[in-house]
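Following: one structure in structure tokens, then a few remarks.
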Amino acid sequence: MPNPHEERIRAAFTRQAPTFEDARLNIAFTSSVPWLLDHVTPEAADVGLDVAGGTGIVSRALAPGVARVIAVDSTPAMIAEGRRRADVEELANVDFVRGTAEALPFASAAFTLVFTRFALHHLTDPRRAVVEMARVCRPGGRVVVMDLVASADPEIAERQDRMERLRDPSHVRMPPRGMIPQWLQECGLVVDRVADREVDRPVRQWLEQAMTEESAAAQVHEAFEAELGGGAETGMRPHRGTDGVSLWFHQLWEISVARTHPDVS
């Protein structure tokens, strides 16, 4: 039986595939790759897995420094775009596989480095994806998870998620700050470090990149303008850009770096 949410994800990212790496529209997203790589600490012998990797933007950046990397994603259009870019970049050690984060199509302990970025908030069972990432990671390997995180206030978090869902209907919910490292620990992993950064993003480009429907985009603008006028808090902290006219907002990103226990048998 078709999964309605999986269909929403595929529809959203089929639309977004052509602009997914367009720095004009998505500079916060594309420019965050070095921040992730700084925490991944790749090694030459690594066999990496990029979970819900989309076009493989991280896989391709990682490829020159590792033995092999596979990007797994559920949207054929994203995989096709990723393969096209890998071919252009002449990256022979990057592969693309279709599959879902909650049921990774790989054997246990198959990878030394498993990572995901901006994926968990699209999943109905994000903790299951973390369990799967831990399963396919070898003893002594690393698991790295980066995502948007929500306010600790449940009411504010729901308002944040509403804005994100208006922009992209495949959004489910952002994990609360600190939840991802908790999930990693519950999988038996050792969390070595957690870092976060606050990111300022322009509303127009954020909506344009996702090809948000006009009526939904209008609701986002109305909510942000209302908050600026003293209305209800959206949790996104909207503000004017330096030009005094454009709308901007804040996101909080969190990255967790964990490792599996070494095999001492």
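Letters A, B, ... mark the chains of the structure tokens in the order given; residue numbers begin at 1 per chain; ligand numbers begin at 1, in order shown.
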If you run DSSP on the backbone here, which positions in segment 183-236 of chain A get alpha helix (DSSP H)? Please write them as a list in words. Trp183, Leu184, Gln185, Glu186, Val203, Arg204, Gln205, Trp206, Leu207, Glu208, Gln209, Glu214, Ser215, Ala216, Ala217, Ala218, Gln219, Val220, His221, Glu222, Ala223, Phe224, Glu225, Ala226, Glu227 and Leu228 of chain A
Can you pull out every residue within 9 Å of Leu148 of chain A, counting only C-alpha atoms, but drop anything in the same chain fewer than 5 positions away, and send it as a count of residues only?
-> 14
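We find atom CA of Asp168 of chain A and atom CA of Met211 of chain A to be spaced 8.3 Å apart.
Here atom CA of Asp263 of chain A is placed at a distance of 29.0 Å from atom CA of Asp147 of chain A.
Nearest residue to Ala217 of chain A among A:Arg135, A:Arg193, A:Arg204, A:His39 is A:Arg204, counting only C-alpha atoms.
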Name all residues at most 6 Å from Ala109 of chain A (count only C-alpha atoms; drop same-chain ones fewer than 5 positions away) and give them as a PDB file with C-alpha atoms, in the first residue's frame.
```pdb
ATOM      1  CA  VAL A 136      24.723  -0.092   9.661  1.00  0.00           C
ATOM      2  CA  CYS A 137      27.728   1.515  11.390  1.00  0.00           C
ATOM      3  CA  ARG A 138      30.701  -0.718  12.163  1.00  0.00           C
TER       4      ARG A 138
END
```
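Around Glu81 of chain A, within 8 Å and counting only C-alpha atoms, the residues found are Ala17, Pro18 and Thr55 of chain A, once anything fewer than 6 positions away on its own chain is removed.
The space between atom CA of Asp153 of chain A and atom CA of Phe29 of chain A spans 25.3 Å.
Considering only C-alpha atoms, the residue among A:Val145, A:Pro64, A:Pro262, A:Arg83 positioned nearest to Gln182 of chain A is A:Val145.
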Q.
Just want the 9 Å neighbourhood of Arg142 of chain A, counted on only C-alpha atoms, with same-chain residues fewer than 3 positions away dropped. Output as a PyMOL selection string.
A. chain A and resi 40+111-115+134+137-139+189+257-260
The residue from A:Ser59, A:Ser151, A:Thr14, A:Gln205 with the smallest atom-to-atom distance to Val47 of chain A, counting only C-alpha atoms, is A:Ser59
- Message: List the spatial neighbours of Arg201 of chain A as an MDAnalysis selection string - criterion: any atom at most 7 Å away, only C-alpha atoms, same-chain residues fewer than 3 positions off excluded.
- Response: chainID A and resid 28 248:250
I want to know what sits within 6 Å of Asp46 of chain A, based on only C-alpha atoms, with residues of the same chain fewer than 3 positions away left out; could you give that as a short mmCIF file (atom, residue, chain, number, x, y, z; two decimals) with C-alpha atoms, in the first residue's frame?
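In the end it all went to selection-v6.cif:
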```
data_model
loop_
_atom_site.label_atom_id
_atom_site.label_comp_id
_atom_site.auth_asym_id
_atom_site.auth_seq_id
_atom_site.Cartn_x
_atom_site.Cartn_y
_atom_site.Cartn_z
CA GLU A 43 39.64 9.25 7.02
CA VAL A 66 37.50 8.69 1.62
CA ALA A 67 37.57 5.26 -0.03
CA THR A 112 32.64 3.25 9.04
#
```
